[in-house]
>>> print(open('entry08.cif').read())   # mmCIF, C-alpha atoms and all ligand atoms
data_start
#
loop_
_atom_site.group_PDB
_atom_site.id
_atom_site.type_symbol
_atom_site.label_atom_id
_atom_site.label_comp_id
_atom_site.auth_asym_id
_atom_site.auth_seq_id
_atom_site.Cartn_x
_atom_site.Cartn_y
_atom_site.Cartn_z
ATOM 1 C CA MET K 285 0.000 0.000 0.000
ATOM 2 C CA GLN K 286 1.265 3.488 -0.885
ATOM 3 C CA THR K 287 2.019 5.660 2.129
ATOM 4 C CA GLY K 288 1.763 9.436 2.664
ATOM 5 C CA GLN K 289 -1.737 9.706 1.124
ATOM 6 C CA GLY K 290 -3.430 11.323 4.139
ATOM 7 C CA LEU K 291 -5.498 8.160 4.639
ATOM 8 C CA LEU K 292 -5.866 8.768 8.400
ATOM 9 C CA ARG K 293 -6.494 12.521 8.417
ATOM 10 C CA GLY K 294 -8.655 13.486 11.404
ATOM 11 C CA ARG K 295 -8.041 10.210 13.278
ATOM 12 C CA VAL K 296 -6.300 9.780 16.629
ATOM 13 C CA ALA K 297 -4.046 6.797 17.371
ATOM 14 C CA VAL K 298 -2.374 5.412 20.498
ATOM 15 C CA VAL K 299 0.746 3.251 20.133
ATOM 16 C CA THR K 300 2.113 1.740 23.356
ATOM 17 C CA GLY K 301 5.864 1.137 23.649
ATOM 18 C CA SER K 302 6.623 3.717 20.975
ATOM 19 C CA SER K 303 9.743 5.534 22.190
ATOM 20 C CA ARG K 304 11.871 3.409 19.838
ATOM 21 C CA GLY K 305 11.892 0.322 17.617
ATOM 22 C CA LEU K 306 8.816 -0.901 15.817
ATOM 23 C CA GLY K 307 6.435 1.145 17.991
ATOM 24 C CA PHE K 308 8.105 4.411 17.019
ATOM 25 C CA ALA K 309 8.074 3.418 13.328
ATOM 26 C CA MET K 310 4.357 2.574 13.561
ATOM 27 C CA ALA K 311 3.569 5.875 15.284
ATOM 28 C CA GLU K 312 5.503 7.732 12.571
ATOM 29 C CA LEU K 313 3.696 5.812 9.820
ATOM 30 C CA LEU K 314 0.246 6.599 11.271
ATOM 31 C CA GLY K 315 1.259 10.237 11.792
ATOM 32 C CA ALA K 316 2.565 10.521 8.233
ATOM 33 C CA GLU K 317 -0.920 9.470 7.072
ATOM 34 C CA GLY K 318 -2.450 12.366 8.985
ATOM 35 C CA ALA K 319 -3.345 10.791 12.340
ATOM 36 C CA ALA K 320 -2.591 12.566 15.621
ATOM 37 C CA VAL K 321 -0.545 10.142 17.712
ATOM 38 C CA VAL K 322 -0.116 9.413 21.428
ATOM 39 C CA LEU K 323 3.297 7.822 22.057
ATOM 40 C CA ALA K 324 4.284 6.137 25.297
ATOM 41 C CA SER K 325 6.961 4.224 27.156
ATOM 42 C CA ARG K 326 8.040 3.635 30.744
ATOM 43 C CA SER K 327 10.505 6.500 30.352
ATOM 44 C CA ALA K 328 8.719 9.863 30.245
ATOM 45 C CA ALA K 329 11.802 11.532 28.726
ATOM 46 C CA ASP K 330 12.089 8.965 25.914
ATOM 47 C CA ALA K 331 8.368 9.129 25.120
ATOM 48 C CA GLU K 332 8.465 12.925 24.997
ATOM 49 C CA ALA K 333 11.643 12.884 22.839
ATOM 50 C CA ALA K 334 9.948 10.498 20.402
ATOM 51 C CA ALA K 335 6.854 12.714 20.232
ATOM 52 C CA ALA K 336 9.076 15.767 19.656
ATOM 53 C CA ARG K 337 10.695 13.991 16.675
ATOM 54 C CA LEU K 338 7.250 13.493 15.147
ATOM 55 C CA ARG K 339 6.184 17.077 15.864
ATOM 56 C CA ALA K 340 9.323 18.212 13.998
ATOM 57 C CA GLU K 341 7.915 16.285 10.997
ATOM 58 C CA GLY K 342 4.631 18.222 11.255
ATOM 59 C CA ILE K 343 2.715 15.443 13.034
ATOM 60 C CA THR K 344 0.446 16.169 16.025
ATOM 61 C CA ALA K 345 1.965 14.025 18.774
ATOM 62 C CA SER K 346 2.040 13.694 22.586
ATOM 63 C CA GLY K 347 4.517 11.593 24.553
ATOM 64 C CA LEU K 348 3.486 10.113 27.918
ATOM 65 C CA ARG K 349 5.022 7.872 30.553
ATOM 66 C CA CYS K 350 3.104 4.611 30.658
ATOM 67 C CA ASP K 351 3.877 1.164 31.993
ATOM 68 C CA THR K 352 1.249 -0.987 30.286
ATOM 69 C CA ALA K 353 1.223 -3.311 33.312
ATOM 70 C CA GLU K 354 -0.409 -0.450 35.267
ATOM 71 C CA LEU K 355 -4.070 0.142 34.385
ATOM 72 C CA ALA K 356 -4.074 3.791 35.479
ATOM 73 C CA ASP K 357 -1.111 4.554 33.170
ATOM 74 C CA VAL K 358 -2.950 2.976 30.251
ATOM 75 C CA GLU K 359 -6.107 4.955 31.045
ATOM 76 C CA SER K 360 -4.049 8.155 30.841
ATOM 77 C CA LEU K 361 -3.219 7.323 27.187
ATOM 78 C CA ARG K 362 -6.930 7.013 26.398
ATOM 79 C CA ASP K 363 -7.587 10.364 28.118
ATOM 80 C CA GLU K 364 -4.816 12.043 26.108
ATOM 81 C CA ALA K 365 -6.207 10.626 22.848
ATOM 82 C CA LEU K 366 -9.689 11.954 23.705
ATOM 83 C CA ARG K 367 -8.117 15.337 24.504
ATOM 84 C CA LEU K 368 -6.593 15.280 20.994
ATOM 85 C CA GLY K 369 -10.045 14.669 19.505
ATOM 86 C CA GLY K 370 -10.976 10.974 19.666
ATOM 87 C CA LEU K 371 -9.793 7.379 19.749
ATOM 88 C CA ASP K 372 -9.760 5.633 16.395
ATOM 89 C CA ILE K 373 -6.699 3.370 16.471
ATOM 90 C CA TRP K 374 -5.012 1.613 19.404
ATOM 91 C CA VAL K 375 -1.877 -0.495 18.925
ATOM 92 C CA ASN K 376 -0.829 -2.746 21.830
ATOM 93 C CA ASN K 377 2.820 -2.808 20.780
ATOM 94 C CA ALA K 378 4.773 -2.716 24.077
ATOM 95 C CA GLY K 379 6.561 -6.026 24.458
ATOM 96 C CA VAL K 380 9.657 -7.504 26.070
ATOM 97 C CA SER K 381 11.612 -10.727 25.569
ATOM 98 C CA GLY K 382 12.654 -13.128 28.308
ATOM 99 C CA VAL K 383 15.924 -14.787 29.272
ATOM 100 C CA TYR K 384 16.944 -17.478 26.738
ATOM 101 C CA GLY K 385 17.192 -20.917 28.329
ATOM 102 C CA PRO K 386 15.160 -23.734 29.929
ATOM 103 C CA THR K 387 11.939 -22.917 31.780
ATOM 104 C CA ALA K 388 12.930 -25.091 34.747
ATOM 105 C CA SER K 389 15.744 -22.683 35.657
ATOM 106 C CA THR K 390 14.325 -19.438 34.289
ATOM 107 C CA PRO K 391 14.556 -16.534 36.747
ATOM 108 C CA VAL K 392 11.071 -16.192 38.255
ATOM 109 C CA ASP K 393 11.142 -12.374 38.275
ATOM 110 C CA ASP K 394 12.016 -12.348 34.598
ATOM 111 C CA PHE K 395 9.110 -14.625 33.674
ATOM 112 C CA THR K 396 6.780 -12.354 35.642
ATOM 113 C CA ARG K 397 8.162 -9.282 33.829
ATOM 114 C CA VAL K 398 7.306 -10.824 30.438
ATOM 115 C CA VAL K 399 3.810 -11.767 31.594
ATOM 116 C CA ARG K 400 3.160 -8.280 33.008
ATOM 117 C CA THR K 401 4.056 -6.457 29.795
ATOM 118 C CA ASN K 402 3.101 -8.887 27.041
ATOM 119 C CA ILE K 403 -0.059 -10.365 28.581
ATOM 120 C CA LEU K 404 -1.354 -7.957 31.209
ATOM 121 C CA GLY K 405 -0.326 -4.930 29.093
ATOM 122 C CA THR K 406 -2.232 -6.220 26.066
ATOM 123 C CA PHE K 407 -5.286 -6.907 28.224
ATOM 124 C CA HIS K 408 -5.134 -3.424 29.790
ATOM 125 C CA GLY K 409 -4.837 -1.708 26.394
ATOM 126 C CA SER K 410 -7.749 -3.683 24.981
ATOM 127 C CA ARG K 411 -9.868 -3.239 28.116
ATOM 128 C CA VAL K 412 -9.358 0.540 28.012
ATOM 129 C CA ALA K 413 -9.740 1.080 24.247
ATOM 130 C CA LEU K 414 -12.686 -1.209 23.491
ATOM 131 C CA PRO K 415 -15.395 0.506 25.580
ATOM 132 C CA VAL K 416 -14.675 3.808 23.775
ATOM 133 C CA MET K 417 -14.605 2.140 20.359
ATOM 134 C CA LEU K 418 -17.752 0.082 21.012
ATOM 135 C CA GLY K 419 -19.526 3.191 22.294
ATOM 136 C CA GLN K 420 -18.788 5.117 19.110
ATOM 137 C CA GLY K 421 -19.325 2.108 16.810
ATOM 138 C CA HIS K 422 -15.914 2.168 15.166
ATOM 139 C CA GLY K 423 -12.202 1.760 15.838
ATOM 140 C CA ASP K 424 -9.214 -0.440 15.031
ATOM 141 C CA LEU K 425 -7.407 -2.388 17.765
ATOM 142 C CA VAL K 426 -4.116 -4.041 16.791
ATOM 143 C CA ASN K 427 -2.230 -6.532 18.971
ATOM 144 C CA LEU K 428 1.360 -7.571 18.297
ATOM 145 C CA TYR K 429 2.049 -11.241 17.731
ATOM 146 C CA GLY K 430 5.562 -12.689 17.592
ATOM 147 C CA GLN K 431 7.623 -15.829 17.629
ATOM 148 C CA GLY K 432 5.656 -18.611 19.292
ATOM 149 C CA ASP K 433 2.187 -17.382 18.347
ATOM 150 C CA GLY K 434 1.783 -20.560 16.276
ATOM 151 C CA GLY K 435 3.266 -23.149 18.650
ATOM 152 C CA PRO K 436 6.017 -24.080 21.131
ATOM 153 C CA VAL K 437 9.495 -22.516 21.008
ATOM 154 C CA PRO K 438 11.876 -24.346 23.372
ATOM 155 C CA LEU K 439 14.193 -22.116 25.453
ATOM 156 C CA GLN K 440 11.986 -19.062 24.797
ATOM 157 C CA ASN K 441 8.915 -20.214 26.667
ATOM 158 C CA ALA K 442 8.042 -16.952 28.440
ATOM 159 C CA TYR K 443 8.054 -14.805 25.292
ATOM 160 C CA ALA K 444 6.703 -17.454 22.918
ATOM 161 C CA SER K 445 3.829 -18.579 25.100
ATOM 162 C CA SER K 446 2.918 -14.954 25.842
ATOM 163 C CA LYS K 447 2.581 -14.344 22.087
ATOM 164 C CA ARG K 448 0.473 -17.496 21.732
ATOM 165 C CA TRP K 449 -1.756 -16.024 24.445
ATOM 166 C CA VAL K 450 -1.916 -12.680 22.604
ATOM 167 C CA ARG K 451 -3.043 -14.469 19.462
ATOM 168 C CA GLN K 452 -5.815 -16.432 21.165
ATOM 169 C CA PHE K 453 -6.909 -13.326 23.096
ATOM 170 C CA THR K 454 -7.013 -11.272 19.872
ATOM 171 C CA GLU K 455 -8.917 -13.893 17.899
ATOM 172 C CA THR K 456 -11.418 -14.110 20.753
ATOM 173 C CA LEU K 457 -11.866 -10.321 20.826
ATOM 174 C CA ARG K 458 -12.403 -10.368 17.088
ATOM 175 C CA ARG K 459 -15.293 -12.783 17.534
ATOM 176 C CA GLU K 460 -16.740 -10.856 20.466
ATOM 177 C CA THR K 461 -16.749 -7.574 18.489
ATOM 178 C CA ARG K 462 -18.148 -8.995 15.232
ATOM 179 C CA GLY K 463 -20.881 -6.751 13.811
ATOM 180 C CA THR K 464 -20.087 -3.820 16.134
ATOM 181 C CA GLY K 465 -18.046 -1.716 13.694
ATOM 182 C CA VAL K 466 -14.919 -2.286 15.804
ATOM 183 C CA ARG K 467 -12.178 -4.173 13.984
ATOM 184 C CA VAL K 468 -9.630 -6.247 15.904
ATOM 185 C CA HIS K 469 -6.420 -7.320 14.167
ATOM 186 C CA GLY K 470 -3.198 -9.194 14.934
ATOM 187 C CA MET K 471 0.179 -8.366 13.448
ATOM 188 C CA ASN K 472 3.282 -10.529 13.353
ATOM 189 C CA PRO K 473 6.024 -8.254 11.958
ATOM 190 C CA GLY K 474 8.605 -11.014 11.463
ATOM 191 C CA LEU K 475 12.187 -10.218 12.477
ATOM 192 C CA VAL K 476 12.755 -6.529 13.141
ATOM 193 C CA GLU K 477 16.192 -5.079 13.829
ATOM 194 C CA THR K 478 15.469 -3.431 17.176
ATOM 195 C CA ASP K 479 16.833 -3.425 20.719
ATOM 196 C CA LEU K 480 14.580 -6.389 21.498
ATOM 197 C CA LEU K 481 16.804 -8.543 19.265
ATOM 198 C CA ARG K 482 20.093 -6.662 19.775
ATOM 199 C CA HIS K 483 20.133 -6.777 23.566
ATOM 200 C CA THR K 484 19.360 -10.322 24.600
ATOM 201 C CA ARG K 485 19.835 -12.193 27.848
ATOM 202 C CA SER K 486 20.745 -15.837 28.165
ATOM 203 C CA GLN K 487 21.074 -18.322 30.971
ATOM 204 C CA SER K 488 24.707 -19.273 31.392
ATOM 205 C CA GLY K 489 25.645 -22.161 29.079
ATOM 206 C CA TYR K 490 23.077 -21.279 26.396
ATOM 207 C CA GLU K 491 24.558 -18.044 25.059
ATOM 208 C CA LYS K 492 26.528 -19.692 22.213
ATOM 209 C CA ARG K 493 23.303 -20.909 20.594
ATOM 210 C CA LEU K 494 22.189 -17.279 20.242
ATOM 211 C CA SER K 495 24.992 -16.418 17.806
ATOM 212 C CA ALA K 496 22.909 -18.033 15.004
ATOM 213 C CA LEU K 497 20.475 -15.149 15.506
ATOM 214 C CA GLN K 498 22.814 -12.836 13.570
ATOM 215 C CA VAL K 499 22.610 -15.065 10.498
ATOM 216 C CA VAL K 500 18.838 -15.415 10.806
ATOM 217 C CA VAL K 501 18.422 -11.636 11.090
ATOM 218 C CA GLY K 502 20.835 -11.144 8.173
ATOM 219 C CA LEU K 503 18.610 -13.344 6.009
ATOM 220 C CA TRP K 504 15.139 -12.252 7.085
ATOM 221 C CA GLY K 505 15.369 -9.161 9.301
ATOM 222 C CA GLN K 506 13.900 -5.815 8.324
ATOM 223 C CA ASP K 507 14.392 -2.307 9.608
ATOM 224 C CA PRO K 508 11.507 -0.993 11.752
ATOM 225 C CA GLU K 509 10.219 1.354 9.027
ATOM 226 C CA ALA K 510 9.780 -1.504 6.534
ATOM 227 C CA ALA K 511 8.315 -3.808 9.191
ATOM 228 C CA ALA K 512 5.762 -1.159 10.275
ATOM 229 C CA LYS K 513 4.228 -0.609 6.813
ATOM 230 C CA PRO K 514 1.687 -3.486 6.852
ATOM 231 C CA LEU K 515 0.003 -1.790 9.829
ATOM 232 C CA LEU K 516 -1.583 0.647 7.378
ATOM 233 C CA GLY K 517 -3.225 -2.215 5.485
ATOM 234 C CA LEU K 518 -4.682 -3.511 8.753
ATOM 235 C CA VAL K 519 -6.148 -0.242 10.047
ATOM 236 C CA THR K 520 -7.717 0.565 6.686
ATOM 237 C CA SER K 521 -9.385 -2.837 6.230
ATOM 238 C CA ASP K 522 -11.069 -5.622 8.174
ATOM 239 C CA ALA K 523 -8.121 -8.013 7.741
ATOM 240 C CA ALA K 524 -7.843 -10.380 10.720
ATOM 241 C CA ALA K 525 -4.067 -10.492 10.774
ATOM 242 C CA TYR K 526 -0.814 -9.777 8.982
ATOM 243 C CA ARG K 527 2.019 -12.313 9.115
ATOM 244 C CA ASP K 528 5.384 -11.276 7.699
ATOM 245 C CA LEU K 529 7.407 -14.464 7.381
ATOM 246 C CA THR K 530 5.308 -16.518 4.976
ATOM 247 C CA PRO K 531 7.126 -19.237 2.988
ATOM 248 C CA THR K 532 7.156 -16.982 -0.101
ATOM 249 C CA ARG K 533 8.708 -14.054 1.795
ATOM 250 C CA LEU K 534 11.210 -16.357 3.501
ATOM 251 C CA LEU K 535 12.438 -17.453 0.068
ATOM 252 C CA SER K 536 12.411 -14.106 -1.712
ATOM 253 C CA ARG K 537 13.833 -11.966 1.120
ATOM 254 C CA GLY K 538 16.399 -14.637 1.965
ATOM 255 C CA ALA K 539 17.622 -14.706 -1.636
ATOM 256 C CA ARG K 540 17.751 -10.878 -1.806
ATOM 257 C CA SER K 541 19.685 -10.720 1.467
ATOM 258 C CA VAL K 542 22.289 -13.207 0.255
ATOM 259 C CA LEU K 543 22.737 -11.247 -2.989
ATOM 260 C CA ALA K 544 23.046 -7.991 -1.011
ATOM 261 C CA GLY K 545 25.833 -9.535 1.113
ATOM 262 C CA ARG K 546 23.894 -9.210 4.366
ATOM 263 C CA LEU K 547 25.469 -12.391 5.700
ATOM 264 C CA ARG K 548 29.008 -10.946 5.627
ATOM 265 C CA ARG K 549 30.447 -10.503 9.118
ATOM 266 C CA SER K 550 30.828 -6.743 8.581
ATOM 267 C CA HIS K 551 27.098 -6.435 7.754
ATOM 268 C CA ARG K 552 25.785 -8.426 10.710
ATOM 269 C CA MET K 553 23.568 -6.876 13.375
ATOM 270 C CA PRO K 554 25.699 -6.394 16.511
ATOM 271 C CA LEU K 555 24.483 -8.677 19.283
ATOM 272 C CA ASP K 556 24.886 -7.803 22.944
ATOM 273 C CA ILE K 557 24.242 -10.858 25.135
ATOM 274 C CA THR K 558 23.987 -10.533 28.916
ATOM 275 C CA VAL K 559 24.590 -13.859 30.628
ATOM 276 C CA VAL K 560 22.582 -14.531 33.791
ATOM 277 C CA GLU K 561 22.899 -17.400 36.241
ATOM 278 C CA PRO K 562 20.155 -20.060 36.044
ATOM 279 C CA GLU K 563 17.819 -20.120 39.076
ATOM 280 C CA ARG K 564 17.678 -23.478 40.820
HETATM 281 N N1 LIG K 601 11.890 -7.145 17.081
HETATM 282 C C1 LIG K 601 11.357 -8.233 16.562
HETATM 283 O O1 LIG K 601 12.012 -8.993 15.822
HETATM 284 C C2 LIG K 601 9.909 -8.574 16.833
HETATM 285 C C3 LIG K 601 9.365 -9.700 16.188
HETATM 286 C C4 LIG K 601 8.044 -10.035 16.422
HETATM 287 C C5 LIG K 601 7.264 -9.261 17.256
HETATM 288 N N2 LIG K 601 7.812 -8.176 17.877
HETATM 289 C C6 LIG K 601 6.961 -7.418 18.787
HETATM 290 O O2 LIG K 601 6.948 -6.054 18.416
HETATM 291 C C7 LIG K 601 6.752 -5.237 19.576
HETATM 292 C C8 LIG K 601 7.802 -4.147 19.627
HETATM 293 O O3 LIG K 601 9.065 -4.753 19.729
HETATM 294 P P1 LIG K 601 10.439 -3.998 19.404
HETATM 295 O O4 LIG K 601 11.302 -4.984 18.750
HETATM 296 O O5 LIG K 601 10.180 -2.693 18.750
HETATM 297 O O6 LIG K 601 10.992 -3.777 20.895
HETATM 298 P P2 LIG K 601 11.991 -2.664 21.483
HETATM 299 O O7 LIG K 601 12.849 -2.091 20.413
HETATM 300 O O8 LIG K 601 12.644 -3.318 22.649
HETATM 301 O O9 LIG K 601 11.007 -1.498 21.983
HETATM 302 C C9 LIG K 601 10.058 -1.782 22.978
HETATM 303 C C10 LIG K 601 9.292 -0.522 23.309
HETATM 304 O O10 LIG K 601 8.320 -0.844 24.304
HETATM 305 C C11 LIG K 601 8.554 -0.064 25.486
HETATM 306 N N3 LIG K 601 8.167 -0.892 26.631
HETATM 307 C C12 LIG K 601 8.716 -2.045 27.075
HETATM 308 N N4 LIG K 601 8.034 -2.500 28.144
HETATM 309 C C13 LIG K 601 7.013 -1.626 28.362
HETATM 310 C C14 LIG K 601 5.957 -1.564 29.298
HETATM 311 N N5 LIG K 601 5.801 -2.467 30.282
HETATM 312 N N6 LIG K 601 5.094 -0.522 29.211
HETATM 313 C C15 LIG K 601 5.226 0.398 28.254
HETATM 314 N N7 LIG K 601 6.201 0.411 27.337
HETATM 315 C C16 LIG K 601 7.087 -0.604 27.404
HETATM 316 C C17 LIG K 601 10.034 0.334 25.399
HETATM 317 O O11 LIG K 601 10.334 1.526 26.129
HETATM 318 P P3 LIG K 601 10.697 1.481 27.708
HETATM 319 O O12 LIG K 601 11.668 0.348 27.893
HETATM 320 O O13 LIG K 601 11.279 2.832 28.007
HETATM 321 O O14 LIG K 601 9.398 1.263 28.402
HETATM 322 C C18 LIG K 601 10.157 0.580 23.900
HETATM 323 O O15 LIG K 601 9.601 1.833 23.548
HETATM 324 C C19 LIG K 601 6.766 -6.207 20.769
HETATM 325 O O16 LIG K 601 5.450 -6.538 21.138
HETATM 326 C C20 LIG K 601 7.480 -7.415 20.223
HETATM 327 O O17 LIG K 601 7.138 -8.601 20.908
HETATM 328 C C21 LIG K 601 9.116 -7.813 17.679
#
>>> encode(input="entry08.cif", output="structure tokens")
Amino acid sequence: MQTGQGLLRGRVAVVTGSSRGLGFAMAELLGAEGAAVVLASRSAADAEAAAARLRAEGITASGLRCDTAELADVESLRDEALRLGGLDIWVNNAGVSGVYGPTASTPVDDFTRVVRTNILGTFHGSRVALPVMLGQGHGDLVNLYGQGDGGPVPLQNAYASSKRWVRQFTETLRRETRGTGVRVHGMNPGLVETDLLRHTRSQSGYEKRLSALQVVVGLWGQDPEAAAKPLLGLVTSDAAAYRDLTPTRLLSRGARSVLAGRLRRSHRMPLDITVVEPER
């Protein structure tokens, strides 16, 4: 879909977790189509800096501190959107990865952190946005899928099973809102070159296995701007979901990446792995 057409003029969008990475690229994309955008992250300064970048591009944007695990924070995003004129689009983007390694020795606090952001945060965003959207008879809610939404991923159980939950939750919401004018979508952006992939944590003894990630990202990764683009197709249609890494895209992007030399050591995404002790 062509971008920059003013397709969302007059609309207001909220994107959680949008101080950087895919969330920022999605906020910029929606803003470039004319939407006013509420950006948010747990750091007030980062959220405000991200909003200022969009304002410098001529986009109406506010940046707020919000931890999506806290209902009151999420409600403040809704209030800011209504202050800007309405609530038409809500993207539950905020997400974190867990420590790589077996579930039996995964740090308990880390598992809880993933659940609080990926599961509770998605519930809070949906719970806050849907009453407004149902009341007005329109709106687009988008939840972020990810690796594991289709089945088990050993050694990444916290993240993968949280994304499986997000998918089932989203598909259920889609059924519950059928015929209301509210459209609920899921989006799996594939591999996106962001901090989520660059800064990983591994249980001691498992870190070597993560080095293959650089090759995988070299073959199939995308920059956040490219990965964000399908969002526009979702919020301007009733499509149930977008999935990036289909077999066709795996083949074509993989071939293009090899030809472009993205597998050379000098072209690889730098990987910063923090090793943590397993919890017994
Ligand atoms: N990168 C990939 O390859 C990939 C693939 C599939 C799906 N996804 C999904 O895409 C989404 C965005 O990922 P990303 O790669 O862009 O991650 P990222 O670069 O790490 O950015 C995450 C953003 O979310 C914010 N955030 C984290 N926890 C939060 C919380 N509890 N409340 C509010 N904001 C929070 C971060 O800011 P603060 O830390 O300051 O809060 C940051 O703005 C996630 O849902 C992820 O699972 C990513």
>>> resolve_selection(input="entry08.cif", expression="the PyMOL selection byres (((chain K and resi 475) around 12) and not hetatm)", output="MDAnalysis selection string")
chainID K and resid 305:306 429:431 472:474 476:482 497:508 510:512 527:530 533:534 537 553
>>> resolve_selection(input="entry08.cif", expression="the PyMOL selection byres (((chain K and resi 415-428) around 7) and not hetatm)", output="compact mmCIF listing (two decimals) with C-alpha atoms, keeping the file's coordinate frame")
# COMPACT_ATOMS: atom_id res chain seq x y z
CA ASP K 372 -9.76 5.63 16.40
CA ILE K 373 -6.70 3.37 16.47
CA TRP K 374 -5.01 1.61 19.40
CA VAL K 375 -1.88 -0.50 18.92
CA ASN K 376 -0.83 -2.75 21.83
CA ASN K 377 2.82 -2.81 20.78
CA VAL K 412 -9.36 0.54 28.01
CA ALA K 413 -9.74 1.08 24.25
CA LEU K 414 -12.69 -1.21 23.49
CA TYR K 429 2.05 -11.24 17.73
CA GLY K 430 5.56 -12.69 17.59
CA THR K 454 -7.01 -11.27 19.87
CA THR K 464 -20.09 -3.82 16.13
CA GLY K 465 -18.05 -1.72 13.69
CA VAL K 466 -14.92 -2.29 15.80
CA ARG K 467 -12.18 -4.17 13.98
CA VAL K 468 -9.63 -6.25 15.90
CA HIS K 469 -6.42 -7.32 14.17
CA GLY K 470 -3.20 -9.19 14.93
CA MET K 471 0.18 -8.37 13.45
CA ASN K 472 3.28 -10.53 13.35
CA VAL K 519 -6.15 -0.24 10.05
>>> axis_aligned_box(input="entry08.cif", around="stretch 380-387 of chain K", padding_each_side="8 Å", output="lines of an AutoDock Vina configuration file")
center_x = 13.4
center_y = -15.6
center_z = 28.7
size_x = 23.5
size_y = 32.2
size_z = 22.2
>>> closest_residue(input="entry08.cif", among="K:Val398, K:Tyr490, K:Phe453, K:Ala316", to="K:Ala340", atoms="only C-alpha atoms")
K:Ala316
>>> residues_around(input="entry08.cif", residues="K:Val298", least_positions_apart="2", cutoff="8 Å", atoms="only C-alpha atoms", output="MDAnalysis selection string")
chainID K and resid 296 300 311 321:323 361:362 365 371 373:375
>>> atom_distance(input="entry08.cif", atom1="atom CA of K:Ala353", atom2="atom CA of K:Gly405")
4.8 Å
>>> resolve_selection(input="entry08.cif", expression="the PyMOL selection byres (((chain K and resi 331) around 12) and not hetatm)", output="count of residues only")
34
>>> atom_distance(input="entry08.cif", atom1="atom CA of K:Asn441", atom2="atom CA of K:Val399")
11.0 Å
>>> closest_residue(input="entry08.cif", among="K:His408, K:Arg462, K:Arg549, K:Arg564", to="ligand LIG 601 (chain K)", atoms="all atoms listed in the file")
K:His408
>>> closest_residue(input="entry08.cif", among="K:Ala320, K:Ala539, K:Leu291, K:Ala309", to="ligand LIG 601 (chain K)", atoms="all atoms listed in the file")
K:Ala309
>>> closest_residue(input="entry08.cif", among="K:Arg552, K:Lys513, K:Gly385, K:Arg546", to="K:Gly288", atoms="all atoms listed in the file")
K:Lys513
>>> closest_residue(input="entry08.cif", among="K:Ser445, K:Ser550, K:Ser495, K:Asn402", to="ligand LIG 601 (chain K)", atoms="all atoms listed in the file")
K:Asn402
>>> atom_distance(input="entry08.cif", atom1="atom CA of K:Leu494", atom2="atom C5 of ligand LIG 601 (chain K)")
17.2 Å
>>> closest_residue(input="entry08.cif", among="K:Asp363, K:Glu317, K:Glu312, K:Glu354", to="ligand LIG 601 (chain K)", atoms="all atoms listed in the file")
K:Glu354
>>> residues_around(input="entry08.cif", residues="K:Arg293", least_positions_apart="2", cutoff="6 Å", atoms="only C-alpha atoms", output="list in words")
Gly290, Leu291, Arg295, Gly318 and Ala319 of chain K
>>> residues_around(input="entry08.cif", residues="K:Gly435", least_positions_apart="3", cutoff="10 Å", atoms="only C-alpha atoms", output="count of residues only")
7
